$ cat protein-v4.cif   # mmCIF, C-alpha atoms
data_upload
#
loop_
_atom_site.label_atom_id
_atom_site.label_comp_id
_atom_site.auth_asym_id
_atom_site.auth_seq_id
_atom_site.Cartn_x
_atom_site.Cartn_y
_atom_site.Cartn_z
CA MET A 1 40.22 -16.06 26.55
CA SER A 2 40.09 -14.08 23.36
CA GLN A 3 36.85 -12.38 22.31
CA VAL A 4 34.98 -11.93 19.06
CA ARG A 5 34.03 -8.30 18.58
CA VAL A 6 32.07 -6.05 16.25
CA HIS A 7 32.82 -2.33 16.35
CA ASN A 8 31.39 0.86 14.83
CA PHE A 9 28.67 -0.99 13.00
CA THR A 10 26.09 1.52 11.86
CA VAL A 11 22.39 0.96 11.37
CA SER A 12 19.61 3.33 10.35
CA LEU A 13 16.46 3.83 12.40
CA ASP A 14 14.65 1.47 10.06
CA GLY A 15 17.30 -1.22 10.49
CA PHE A 16 19.44 -0.95 7.37
CA SER A 17 23.25 -1.18 7.58
CA ALA A 18 23.93 -0.63 3.91
CA GLY A 19 22.13 1.14 1.12
CA GLU A 20 20.96 -0.22 -2.19
CA GLY A 21 23.08 -0.19 -5.35
CA GLN A 22 26.60 -0.84 -4.04
CA SER A 23 29.24 -0.38 -6.77
CA LEU A 24 32.92 0.46 -7.24
CA GLU A 25 32.06 4.15 -7.19
CA SER A 26 29.45 3.90 -4.39
CA PRO A 27 30.64 1.49 -1.68
CA PHE A 28 27.61 2.39 0.47
CA GLY A 29 25.04 2.50 -2.33
CA HIS A 30 22.31 5.12 -1.99
CA ALA A 31 23.20 5.56 1.70
CA GLN A 32 26.37 7.30 0.51
CA GLY A 33 28.32 8.60 3.50
CA ARG A 34 25.28 9.23 5.69
CA LEU A 35 25.81 6.23 7.95
CA MET A 36 29.46 7.10 8.56
CA GLU A 37 29.31 10.86 9.20
CA TRP A 38 29.55 10.44 12.98
CA PHE A 39 32.80 8.47 12.47
CA MET A 40 34.52 10.85 10.08
CA GLY A 41 35.00 13.51 12.75
CA THR A 42 36.64 11.22 15.28
CA ARG A 43 40.33 11.15 16.10
CA THR A 44 40.43 7.46 15.14
CA PHE A 45 39.18 8.14 11.61
CA ARG A 46 41.41 11.16 11.17
CA ALA A 47 44.45 9.13 12.26
CA MET A 48 43.62 6.54 9.57
CA HIS A 49 44.16 9.39 7.13
CA GLY A 50 47.38 10.60 8.68
CA GLU A 51 45.87 13.54 10.54
CA ASN A 52 46.38 14.26 14.23
CA ASP A 53 43.12 16.02 15.05
CA GLY A 54 39.46 15.00 15.40
CA SER A 55 36.96 14.76 18.24
CA ASN A 56 37.71 13.17 21.60
CA GLY A 57 34.20 12.77 22.99
CA VAL A 58 31.83 9.83 23.31
CA ASP A 59 31.99 9.00 19.58
CA GLU A 60 35.78 8.72 19.81
CA ALA A 61 35.55 6.68 23.03
CA PHE A 62 33.71 4.03 21.05
CA ALA A 63 35.46 4.46 17.70
CA GLY A 64 38.91 4.05 19.24
CA ARG A 65 38.15 0.57 20.57
CA TRP A 66 38.19 -0.76 17.01
CA GLY A 67 41.91 -1.50 16.80
CA PRO A 68 43.61 -2.33 20.12
CA GLY A 69 43.82 -5.99 21.02
CA ILE A 70 42.66 -7.24 17.62
CA GLY A 71 44.76 -9.94 15.95
CA ALA A 72 42.64 -10.72 12.87
CA GLU A 73 39.52 -9.61 11.02
CA ILE A 74 36.86 -11.56 9.19
CA MET A 75 34.91 -9.69 6.51
CA GLY A 76 32.36 -10.50 3.85
CA ARG A 77 33.42 -10.26 0.26
CA ASN A 78 31.39 -7.08 -0.32
CA LYS A 79 33.57 -5.23 2.16
CA PHE A 80 36.64 -6.14 0.12
CA GLY A 81 35.15 -4.97 -3.16
CA PRO A 82 32.06 -4.84 -5.35
CA GLN A 83 32.89 -7.81 -7.64
CA ARG A 84 30.42 -10.72 -7.57
CA GLY A 85 30.83 -14.30 -8.79
CA PRO A 86 34.17 -15.59 -10.13
CA TRP A 87 36.97 -13.01 -9.84
CA GLU A 88 37.38 -11.36 -13.22
CA ASN A 89 40.08 -8.96 -12.19
CA GLU A 90 42.64 -10.16 -9.67
CA ASP A 91 44.83 -7.09 -10.18
CA TRP A 92 42.44 -4.86 -8.29
CA LYS A 93 43.28 -5.31 -4.61
CA GLY A 94 40.17 -4.06 -2.89
CA TRP A 95 38.79 -0.77 -1.62
CA TRP A 96 41.45 -0.35 1.04
CA GLY A 97 44.48 1.02 -0.82
CA ASP A 98 48.09 -0.17 -0.74
CA ASP A 99 48.40 0.15 3.03
CA PRO A 100 45.02 -0.97 4.41
CA VAL A 101 43.89 0.18 7.85
CA PHE A 102 43.72 -3.34 9.28
CA HIS A 103 47.43 -4.18 9.89
CA THR A 104 46.52 -7.83 10.67
CA PRO A 105 45.51 -10.91 8.71
CA VAL A 106 42.05 -10.37 7.15
CA PHE A 107 39.90 -13.32 6.14
CA VAL A 108 37.58 -12.52 3.25
CA LEU A 109 34.59 -14.89 3.00
CA THR A 110 33.91 -15.91 -0.58
CA HIS A 111 32.73 -18.94 -2.52
CA HIS A 112 35.58 -18.20 -4.94
CA PRO A 113 38.93 -18.62 -3.15
CA ARG A 114 42.01 -17.04 -4.73
CA PRO A 115 45.65 -16.63 -3.64
CA SER A 116 46.32 -14.50 -0.56
CA ILE A 117 47.47 -10.91 -1.06
CA GLU A 118 50.11 -9.43 1.20
CA MET A 119 49.75 -5.66 1.46
CA LYS A 120 51.90 -2.99 3.10
CA GLY A 121 51.68 -2.43 6.86
CA GLY A 122 50.93 -5.97 8.00
CA THR A 123 47.59 -6.57 6.29
CA THR A 124 47.27 -9.86 4.39
CA PHE A 125 43.99 -10.74 2.70
CA HIS A 126 43.14 -14.46 2.77
CA PHE A 127 40.18 -15.61 0.67
CA ILE A 128 38.34 -18.53 2.20
CA ASP A 129 35.14 -20.47 1.52
CA ALA A 130 34.00 -21.28 5.06
CA ASP A 131 31.04 -21.14 7.41
CA PRO A 132 31.24 -18.80 10.43
CA ALA A 133 32.64 -21.39 12.85
CA GLN A 134 35.29 -22.55 10.40
CA ALA A 135 36.29 -19.00 9.52
CA LEU A 136 36.55 -18.12 13.19
CA ALA A 137 38.82 -21.09 13.87
CA ARG A 138 41.14 -19.92 11.08
CA ALA A 139 41.10 -16.32 12.31
CA LYS A 140 41.74 -17.27 15.94
CA GLU A 141 44.75 -19.30 14.87
CA ALA A 142 46.08 -16.30 12.96
CA ALA A 143 45.30 -13.86 15.77
CA GLY A 144 47.87 -15.35 18.14
CA GLY A 145 45.75 -15.09 21.27
CA LEU A 146 44.38 -11.63 20.48
CA ASP A 147 40.71 -10.88 19.73
CA VAL A 148 39.02 -11.37 16.38
CA ARG A 149 36.99 -8.59 14.81
CA ILE A 150 34.00 -9.34 12.59
CA GLY A 151 34.21 -6.43 10.17
CA GLY A 152 30.89 -6.76 8.29
CA GLY A 153 29.00 -6.26 6.10
CA PRO A 154 25.51 -6.79 7.44
CA ALA A 155 25.12 -10.36 6.13
CA THR A 156 28.39 -11.40 7.75
CA VAL A 157 27.57 -9.84 11.12
CA ARG A 158 24.08 -11.37 10.98
CA GLN A 159 25.46 -14.85 10.29
CA PHE A 160 27.92 -14.67 13.18
CA LEU A 161 25.19 -13.40 15.51
CA ALA A 162 22.84 -16.17 14.40
CA ALA A 163 25.58 -18.71 15.13
CA ASP A 164 26.04 -17.13 18.60
CA LEU A 165 29.73 -16.46 17.98
CA ILE A 166 29.84 -12.75 18.95
CA ASP A 167 30.93 -11.66 22.45
CA HIS A 168 30.74 -7.90 21.99
CA LEU A 169 28.59 -5.99 19.49
CA HIS A 170 28.83 -2.22 19.18
CA VAL A 171 26.06 -0.75 17.04
CA VAL A 172 25.74 2.91 16.13
CA LEU A 173 22.16 3.96 15.52
CA VAL A 174 21.98 6.80 13.01
CA PRO A 175 18.64 8.66 13.10
CA ILE A 176 17.89 8.47 9.40
CA ILE A 177 15.29 6.48 7.46
CA LEU A 178 17.17 4.70 4.69
CA GLY A 179 14.07 3.01 3.27
CA ARG A 180 15.91 0.24 1.42
CA GLY A 181 19.15 -1.69 1.46
CA GLU A 182 20.46 -4.53 3.59
CA ARG A 183 18.83 -5.23 6.96
CA LEU A 184 21.02 -6.01 9.97
CA TRP A 185 18.49 -7.59 12.33
CA GLU A 186 16.65 -9.99 9.98
CA GLY A 187 16.25 -13.44 11.51
CA LEU A 188 17.56 -12.37 14.92
CA GLU A 189 14.31 -12.22 16.92
CA SER A 190 14.93 -11.90 20.69
CA LEU A 191 18.69 -11.57 20.16
CA GLU A 192 18.81 -9.20 23.16
CA GLU A 193 18.06 -12.08 25.55
CA ARG A 194 21.60 -13.39 25.05
CA PHE A 195 23.21 -10.01 25.83
CA SER A 196 23.38 -7.18 28.34
CA VAL A 197 22.48 -4.05 26.41
CA GLU A 198 23.48 -0.44 27.14
CA SER A 199 22.60 2.72 25.19
CA VAL A 200 24.14 6.18 25.20
CA SER A 201 23.36 9.07 22.90
CA SER A 202 26.06 11.36 21.56
CA PRO A 203 25.88 15.11 20.88
CA SER A 204 26.54 14.19 17.24
CA GLY A 205 23.02 12.74 17.14
CA VAL A 206 23.83 9.05 16.97
CA THR A 207 23.21 6.53 19.76
CA HIS A 208 25.79 3.93 20.70
CA LEU A 209 24.43 0.55 21.74
CA THR A 210 26.63 -2.16 23.22
CA PHE A 211 25.62 -5.81 23.39
CA THR A 212 27.77 -7.75 25.84
CA ARG A 213 27.24 -11.49 25.76
CA ARG A 214 25.97 -13.00 29.01
CA ARG A 215 28.27 -15.65 30.42
CA GLY A 216 27.15 -19.07 31.56
CA MET B 1 -1.20 27.81 15.96
CA SER B 2 -2.09 24.39 17.25
CA GLN B 3 0.26 21.45 16.65
CA VAL B 4 -0.17 17.84 15.67
CA ARG B 5 1.79 15.61 18.03
CA VAL B 6 2.76 11.99 18.53
CA HIS B 7 3.96 10.94 22.00
CA ASN B 8 5.45 7.87 23.64
CA PHE B 9 5.42 5.90 20.44
CA THR B 10 7.62 2.86 20.88
CA VAL B 11 9.61 1.07 18.22
CA SER B 12 11.97 -1.90 18.45
CA LEU B 13 15.55 -1.81 17.16
CA ASP B 14 14.39 -3.60 14.03
CA GLY B 15 11.64 -1.04 13.41
CA PHE B 16 8.47 -2.73 14.66
CA SER B 17 5.89 -0.80 16.70
CA ALA B 18 3.52 -3.68 17.28
CA GLY B 19 3.90 -7.41 17.45
CA GLU B 20 2.18 -10.08 15.44
CA GLY B 21 -1.08 -11.72 16.47
CA GLN B 22 -3.02 -8.87 18.09
CA SER B 23 -6.20 -10.10 19.80
CA LEU B 24 -8.64 -9.19 22.56
CA GLU B 25 -6.40 -10.95 25.07
CA SER B 26 -3.10 -9.75 23.55
CA PRO B 27 -3.40 -6.11 22.49
CA PHE B 28 0.32 -6.03 21.62
CA GLY B 29 0.50 -9.47 19.99
CA HIS B 30 3.73 -11.40 20.57
CA ALA B 31 5.46 -8.19 21.71
CA GLN B 32 3.34 -8.46 24.88
CA GLY B 33 4.33 -5.67 27.28
CA ARG B 34 7.97 -5.49 26.18
CA LEU B 35 7.60 -2.26 24.23
CA MET B 36 5.84 -0.50 27.12
CA GLU B 37 7.97 -1.50 30.12
CA TRP B 38 9.82 1.82 30.20
CA PHE B 39 6.44 3.60 30.44
CA MET B 40 4.91 1.51 33.20
CA GLY B 41 7.30 2.82 35.83
CA THR B 42 6.63 6.49 35.12
CA ARG B 43 4.57 8.79 37.26
CA THR B 44 2.32 9.50 34.26
CA PHE B 45 1.43 5.84 33.82
CA ARG B 46 0.98 5.29 37.55
CA ALA B 47 -1.36 8.30 37.75
CA MET B 48 -3.51 6.77 34.98
CA HIS B 49 -4.04 3.91 37.43
CA GLY B 50 -4.83 6.11 40.40
CA GLU B 51 -1.41 5.82 42.03
CA ASN B 52 0.71 8.75 43.19
CA ASP B 53 4.18 7.30 42.76
CA GLY B 54 6.44 6.35 39.86
CA SER B 55 9.70 7.64 38.39
CA ASN B 56 10.45 11.30 37.77
CA GLY B 57 13.50 11.06 35.51
CA VAL B 58 14.00 11.41 31.78
CA ASP B 59 11.37 8.79 30.92
CA GLU B 60 8.79 10.75 32.92
CA ALA B 61 9.92 14.06 31.38
CA PHE B 62 8.87 12.66 28.01
CA ALA B 63 5.91 10.56 29.14
CA GLY B 64 4.28 13.49 30.92
CA ARG B 65 4.03 15.59 27.76
CA TRP B 66 1.36 13.23 26.46
CA GLY B 67 -1.63 14.97 28.00
CA PRO B 68 -1.23 18.74 28.57
CA GLY B 69 -2.47 20.98 25.79
CA ILE B 70 -4.20 18.21 23.85
CA GLY B 71 -7.80 18.83 22.75
CA ALA B 72 -8.50 15.73 20.67
CA GLU B 73 -6.94 12.42 19.61
CA ILE B 74 -7.04 10.52 16.33
CA MET B 75 -6.46 6.77 16.51
CA GLY B 76 -6.61 3.81 14.19
CA ARG B 77 -9.33 1.28 14.74
CA ASN B 78 -6.88 -1.32 16.08
CA LYS B 79 -6.10 0.93 19.03
CA PHE B 80 -9.79 0.98 19.93
CA GLY B 81 -10.16 -2.78 19.78
CA PRO B 82 -9.30 -5.97 17.91
CA GLN B 83 -12.50 -6.29 15.83
CA ARG B 84 -12.01 -6.18 12.05
CA GLY B 85 -14.60 -5.59 9.28
CA PRO B 86 -18.24 -4.69 10.08
CA TRP B 87 -18.87 -4.23 13.83
CA GLU B 88 -20.39 -7.43 15.14
CA ASN B 89 -20.59 -6.35 18.73
CA GLU B 90 -21.40 -2.71 19.44
CA ASP B 91 -21.84 -3.35 23.15
CA TRP B 92 -18.12 -3.74 23.73
CA LYS B 93 -16.76 -0.24 24.14
CA GLY B 94 -13.06 -0.73 23.45
CA TRP B 95 -9.94 -1.56 25.41
CA TRP B 96 -10.01 1.59 27.49
CA GLY B 97 -12.57 0.88 30.22
CA ASP B 98 -15.52 3.01 31.39
CA ASP B 99 -13.38 6.07 32.10
CA PRO B 100 -10.75 6.14 29.31
CA VAL B 101 -7.49 7.97 29.86
CA PHE B 102 -8.07 10.41 27.00
CA HIS B 103 -10.61 12.86 28.53
CA THR B 104 -11.14 14.51 25.10
CA PRO B 105 -12.95 13.69 21.88
CA VAL B 106 -11.27 10.71 20.17
CA PHE B 107 -11.67 10.10 16.45
CA VAL B 108 -11.43 6.43 15.53
CA LEU B 109 -10.56 5.84 11.87
CA THR B 110 -12.65 3.04 10.37
CA HIS B 111 -14.29 2.15 7.10
CA HIS B 112 -17.31 1.12 9.19
CA PRO B 113 -18.74 4.21 10.93
CA ARG B 114 -21.09 3.67 13.89
CA PRO B 115 -22.76 6.00 16.40
CA SER B 116 -20.49 7.95 18.75
CA ILE B 117 -20.01 6.66 22.29
CA GLU B 118 -19.83 9.06 25.20
CA MET B 119 -17.80 7.65 28.07
CA LYS B 120 -17.12 8.89 31.60
CA GLY B 121 -14.52 11.60 32.19
CA GLY B 122 -14.88 13.59 28.98
CA THR B 123 -13.89 10.96 26.42
CA THR B 124 -16.21 10.57 23.44
CA PHE B 125 -15.36 8.09 20.69
CA HIS B 126 -16.36 9.23 17.19
CA PHE B 127 -16.07 6.69 14.36
CA ILE B 128 -15.19 8.26 11.05
CA ASP B 129 -14.26 7.07 7.56
CA ALA B 130 -11.78 9.74 6.49
CA ASP B 131 -8.30 10.27 5.05
CA PRO B 132 -5.66 11.88 7.29
CA ALA B 133 -6.32 15.48 6.19
CA GLN B 134 -10.09 15.11 6.61
CA ALA B 135 -9.73 13.46 10.00
CA LEU B 136 -7.35 16.18 11.15
CA ALA B 137 -9.81 18.90 10.10
CA ARG B 138 -12.52 17.20 12.21
CA ALA B 139 -10.20 16.78 15.18
CA LYS B 140 -8.94 20.36 15.05
CA GLU B 141 -12.50 21.62 15.09
CA ALA B 142 -13.23 19.49 18.14
CA ALA B 143 -9.98 20.46 19.90
CA GLY B 144 -11.01 24.10 20.35
CA GLY B 145 -7.61 25.59 19.56
CA LEU B 146 -5.62 23.00 21.50
CA ASP B 147 -3.23 20.49 19.91
CA VAL B 148 -4.24 17.22 18.28
CA ARG B 149 -2.54 13.97 19.23
CA ILE B 150 -2.12 11.15 16.73
CA GLY B 151 -2.43 8.17 19.02
CA GLY B 152 -1.37 5.30 16.72
CA GLY B 153 -1.12 2.50 15.85
CA PRO B 154 1.80 2.27 13.47
CA ALA B 155 -0.26 2.42 10.26
CA THR B 156 -2.01 5.58 11.44
CA VAL B 157 1.20 7.35 12.47
CA ARG B 158 2.82 6.30 9.19
CA GLN B 159 -0.05 7.70 7.13
CA PHE B 160 0.04 11.05 8.92
CA LEU B 161 3.83 11.24 8.53
CA ALA B 162 3.58 10.39 4.82
CA ALA B 163 1.00 13.17 4.42
CA ASP B 164 3.41 15.54 6.22
CA LEU B 165 0.82 16.41 8.87
CA ILE B 166 2.94 15.80 12.00
CA ASP B 167 4.70 18.70 13.79
CA HIS B 168 6.21 16.76 16.70
CA LEU B 169 7.06 13.07 16.80
CA HIS B 170 8.38 11.46 19.97
CA VAL B 171 9.66 7.94 19.39
CA VAL B 172 10.95 5.63 22.10
CA LEU B 173 13.50 3.16 20.82
CA VAL B 174 13.42 -0.06 22.83
CA PRO B 175 16.59 -2.16 22.40
CA ILE B 176 14.86 -5.43 21.54
CA ILE B 177 14.65 -7.35 18.26
CA LEU B 178 10.95 -8.08 17.71
CA GLY B 179 11.51 -9.93 14.44
CA ARG B 180 7.94 -9.55 13.13
CA GLY B 181 4.91 -7.33 13.46
CA GLU B 182 3.99 -3.94 12.08
CA ARG B 183 6.77 -1.66 10.81
CA LEU B 184 6.68 2.04 11.68
CA TRP B 185 9.10 3.46 9.09
CA GLU B 186 7.93 1.68 5.92
CA GLY B 187 7.57 4.08 2.98
CA LEU B 188 9.14 7.01 4.86
CA GLU B 189 12.60 7.14 3.25
CA SER B 190 14.52 10.34 4.13
CA LEU B 191 11.79 11.45 6.56
CA GLU B 192 14.49 12.99 8.77
CA GLU B 193 15.13 15.72 6.19
CA ARG B 194 11.84 17.39 7.15
CA PHE B 195 12.67 17.40 10.88
CA SER B 196 15.25 18.41 13.47
CA VAL B 197 16.12 15.23 15.32
CA GLU B 198 17.45 14.84 18.88
CA SER B 199 18.30 11.65 20.77
CA VAL B 200 18.76 11.00 24.48
CA SER B 201 19.23 7.67 26.19
CA SER B 202 17.62 6.88 29.52
CA PRO B 203 18.98 4.79 32.42
CA SER B 204 16.00 2.49 31.78
CA GLY B 205 17.74 1.44 28.56
CA VAL B 206 15.45 3.09 26.02
CA THR B 207 16.41 6.05 23.83
CA HIS B 208 14.04 8.96 23.29
CA LEU B 209 14.08 10.53 19.83
CA THR B 210 12.25 13.74 19.04
CA PHE B 211 11.45 14.85 15.51
CA THR B 212 10.54 18.54 15.37
CA ARG B 213 9.21 19.68 12.02
CA ARG B 214 11.31 22.35 10.30
CA ARG B 215 9.36 25.55 9.59
CA GLY B 216 9.29 27.31 6.26
#
$ encode --input "protein-v4.cif" --output "structure tokens"
Amino acid sequence: MSQVRVHNFTVSLDGFSAGEGQSLESPFGHAQGRLMEWFMGTRTFRAMHGENDGSNGVDEAFAGRWGPGIGAEIMGRNKFGPQRGPWENEDWKGWWGDDPVFHTPVFVLTHHPRPSIEMKGGTTFHFIDADPAQALARAKEAAGGLDVRIGGGPATVRQFLAADLIDHLHVVLVPIILGRGERLWEGLESLEERFSVESVSSPSGVTHLTFTRRRG
Amino acid sequence: MSQVRVHNFTVSLDGFSAGEGQSLESPFGHAQGRLMEWFMGTRTFRAMHGENDGSNGVDEAFAGRWGPGIGAEIMGRNKFGPQRGPWENEDWKGWWGDDPVFHTPVFVLTHHPRPSIEMKGGTTFHFIDADPAQALARAKEAAGGLDVRIGGGPATVRQFLAADLIDHLHVVLVPIILGRGERLWEGLESLEERFSVESVSSPSGVTHLTFTRRRG
């Protein structure tokens, strides 16, 4: 049976997964790149940018699980781009360039559907107005038996967790105090009771936590 | 030069260091013992209860640093007991029994000073109405050249961190989502910039983080 997975999802010590003030120029708001520094040195990240180097340690062991076995992604609209409300500019095709890293169908959750966009390299963005269960049904159909990745942002991950639709959650705890932004854990009291949780710290300073859903 | 230290201070994944609904019967509120489970198996905790057993691994390595070299503690009133406002019952001598674990002078921060209480085993509770710097001056004087421990709760640790009076902060991250209670990190944006931070996960499931204040 296919799984629903979240990978490489960073959170600050005070529980924020995104900073304040997201814009076209600042996709992470005031958090800037601080939540993603651990990732930028990994072989997986470097390969996304056409380089064949990068670290091969514990950070890479987790980072590299992002792609294999995934047949579709679901993301919130804010991960596609900073526009809010009705689409004013349909020419701009998101933050991900001409050849996005996904290489699968990607379902973008929005209250303002628009025509799908087929990009280079196998990525097609579909814009759907759907609740988590409906979106997952669509993504599973498109995934052809492979797993579905919930790509974020925080509100999207939180909604899928609240609906108990996540099988595997990989969270990367970054030891910084962000102070403001978007909280990951809001409304998820006692979430851990539904999961087996493991933690391992990396020499880079972050701690990887895995939540594996209990069966039965 | 003596240091100001915080030890064994637990925080949930969503940033809470105490639950909601603290009372005489429930010192930790709805968090109950969940934040302290990692500690209860350690040799240090067992020794506090007259037992000579307990774990000797990474949790104990951190837990055991709580006592040695400490000459005084500062604690918030809520760590002494659940009473709020003017003291209605001065006969009750706090949550810590006849022979408290501290064995040093303990300065209890309160807007309602009352006479000091000398307990068995070297612990004396002093009740003072003071800001962090004033309280620390009193405690340092009483500590006779040894270090001062800031014992909590969350509001007290937060105030001393905000005033930049902490040299060493040991935080234990417990992978649970508490959902409500008292936040540790509120108002401390970018705190990490003043410290060197290390993280290490324990087989018990918690992650120990140490914040060591940068000099100069």
$ closest_residue --input "protein-v4.cif" --among "A:Pro68, A:Pro100, A:Gly179, A:Pro203" --to "chain B" --atoms "all atoms listed in the file"
A:Gly179
$ interface_residues --input "protein-v4.cif" --of "chain B" --to "chain A" --cutoff "9 Å" --atoms "all atoms listed in the file" --output "number ranges by chain"
B: 13-16, 173, 175-180, 183-193, 197-203, 205-207, 209
$ write_last_selection --input "protein-v4.cif" --atoms "C-alpha atoms" --output "PDB file, in the coordinates of the input"
ATOM      1  CA  LEU B  13      15.550  -1.810  17.160  1.00  0.00           C
ATOM      2  CA  ASP B  14      14.390  -3.600  14.030  1.00  0.00           C
ATOM      3  CA  GLY B  15      11.640  -1.040  13.410  1.00  0.00           C
ATOM      4  CA  PHE B  16       8.470  -2.730  14.660  1.00  0.00           C
ATOM      5  CA  LEU B 173      13.500   3.160  20.820  1.00  0.00           C
ATOM      6  CA  PRO B 175      16.590  -2.160  22.400  1.00  0.00           C
ATOM      7  CA  ILE B 176      14.860  -5.430  21.540  1.00  0.00           C
ATOM      8  CA  ILE B 177      14.650  -7.350  18.260  1.00  0.00           C
ATOM      9  CA  LEU B 178      10.950  -8.080  17.710  1.00  0.00           C
ATOM     10  CA  GLY B 179      11.510  -9.930  14.440  1.00  0.00           C
ATOM     11  CA  ARG B 180       7.940  -9.550  13.130  1.00  0.00           C
ATOM     12  CA  ARG B 183       6.770  -1.660  10.810  1.00  0.00           C
ATOM     13  CA  LEU B 184       6.680   2.040  11.680  1.00  0.00           C
ATOM     14  CA  TRP B 185       9.100   3.460   9.090  1.00  0.00           C
ATOM     15  CA  GLU B 186       7.930   1.680   5.920  1.00  0.00           C
ATOM     16  CA  GLY B 187       7.570   4.080   2.980  1.00  0.00           C
ATOM     17  CA  LEU B 188       9.140   7.010   4.860  1.00  0.00           C
ATOM     18  CA  GLU B 189      12.600   7.140   3.250  1.00  0.00           C
ATOM     19  CA  SER B 190      14.520  10.340   4.130  1.00  0.00           C
ATOM     20  CA  LEU B 191      11.790  11.450   6.560  1.00  0.00           C
ATOM     21  CA  GLU B 192      14.490  12.990   8.770  1.00  0.00           C
ATOM     22  CA  GLU B 193      15.130  15.720   6.190  1.00  0.00           C
ATOM     23  CA  VAL B 197      16.120  15.230  15.320  1.00  0.00           C
ATOM     24  CA  GLU B 198      17.450  14.840  18.880  1.00  0.00           C
ATOM     25  CA  SER B 199      18.300  11.650  20.770  1.00  0.00           C
ATOM     26  CA  VAL B 200      18.760  11.000  24.480  1.00  0.00           C
ATOM     27  CA  SER B 201      19.230   7.670  26.190  1.00  0.00           C
ATOM     28  CA  SER B 202      17.620   6.880  29.520  1.00  0.00           C
ATOM     29  CA  PRO B 203      18.980   4.790  32.420  1.00  0.00           C
ATOM     30  CA  GLY B 205      17.740   1.440  28.560  1.00  0.00           C
ATOM     31  CA  VAL B 206      15.450   3.090  26.020  1.00  0.00           C
ATOM     32  CA  THR B 207      16.410   6.050  23.830  1.00  0.00           C
ATOM     33  CA  LEU B 209      14.080  10.530  19.830  1.00  0.00           C
TER      34      LEU B 209
END
$ resolve_selection --input "protein-v4.cif" --expression "the PyMOL selection byres ((chain A and resi 75) around 10)" --output "list in words"
Glu73, Ile74, Gly76, Arg77, Asn78, Lys79, Phe80, Val106, Phe107, Val108, Leu109, Thr110, Phe125, Phe127, Ala135, Arg149, Ile150, Gly151, Gly152, Gly153, Pro154, Ala155, Thr156 and Val157 of chain A
$ atom_distance --input "protein-v4.cif" --atom1 "atom CA of A:Glu141" --atom2 "atom CA of A:Ile128"
14.2 Å
$ resolve_selection --input "protein-v4.cif" --expression "the PyMOL selection byres ((chain A and resi 116) around 6)" --output "VMD selection string"
chain A and resid 115 117 125 to 126
$ closest_residue --input "protein-v4.cif" --among "B:Gly121, B:Gly54, B:Gly33, B:Gly144" --to "B:Ala18" --atoms "only C-alpha atoms"
B:Gly33
$ atom_distance --input "protein-v4.cif" --atom1 "atom CA of B:Gly50" --atom2 "atom CA of B:Asp91"
26.0 Å
$ residues_around --input "protein-v4.cif" --residues "B:Thr123" --least-positions-apart "3" --cutoff "8 Å" --atoms "all atoms listed in the file" --output "ChimeraX atom specification"
/B:99-106,118-120
$ residues_around --input "protein-v4.cif" --residues "A:Leu165" --least-positions-apart "4" --cutoff "8 Å" --atoms "all atoms listed in the file" --output "VMD selection string"
chain A and resid 4 133 160 to 161
$ residues_around --input "protein-v4.cif" --residues "A:His7" --least-positions-apart "6" --cutoff "7 Å" --atoms "only C-alpha atoms" --output "list in words"
Trp66, Leu169, His170 and Val171 of chain A
$ closest_residue --input "protein-v4.cif" --among "B:Phe62, B:Ala142, B:Thr212, B:Ala163" --to "B:Phe9" --atoms "all atoms listed in the file"
B:Phe62
$ residues_near_point --input "protein-v4.cif" --point "(-0.4, -7.5, 18.2)" --cutoff "10 Å" --atoms "only C-alpha atoms" --output "ChimeraX atom specification"
/B:17-32,78,82,180-182
$ residues_near_point --input "protein-v4.cif" --point "(21.4, -13.5, 29.8)" --cutoff "9 Å" --atoms "all atoms listed in the file" --output "number ranges by chain"
A: 192-196, 213-216
$ write_last_selection --input "protein-v4.cif" --atoms "C-alpha atoms" --output "PDB file, keeping the file's coordinate frame"
ATOM      1  CA  GLU A 192      18.810  -9.200  23.160  1.00  0.00           C
ATOM      2  CA  GLU A 193      18.060 -12.080  25.550  1.00  0.00           C
ATOM      3  CA  ARG A 194      21.600 -13.390  25.050  1.00  0.00           C
ATOM      4  CA  PHE A 195      23.210 -10.010  25.830  1.00  0.00           C
ATOM      5  CA  SER A 196      23.380  -7.180  28.340  1.00  0.00           C
ATOM      6  CA  ARG A 213      27.240 -11.490  25.760  1.00  0.00           C
ATOM      7  CA  ARG A 214      25.970 -13.000  29.010  1.00  0.00           C
ATOM      8  CA  ARG A 215      28.270 -15.650  30.420  1.00  0.00           C
ATOM      9  CA  GLY A 216      27.150 -19.070  31.560  1.00  0.00           C
TER      10      GLY A 216
END
$ resolve_selection --input "protein-v4.cif" --expression "the PyMOL selection byres ((chain A and resi 92) around 12)" --output "PyMOL selection string"
chain A and resi 24+80-83+87-91+93-98+117
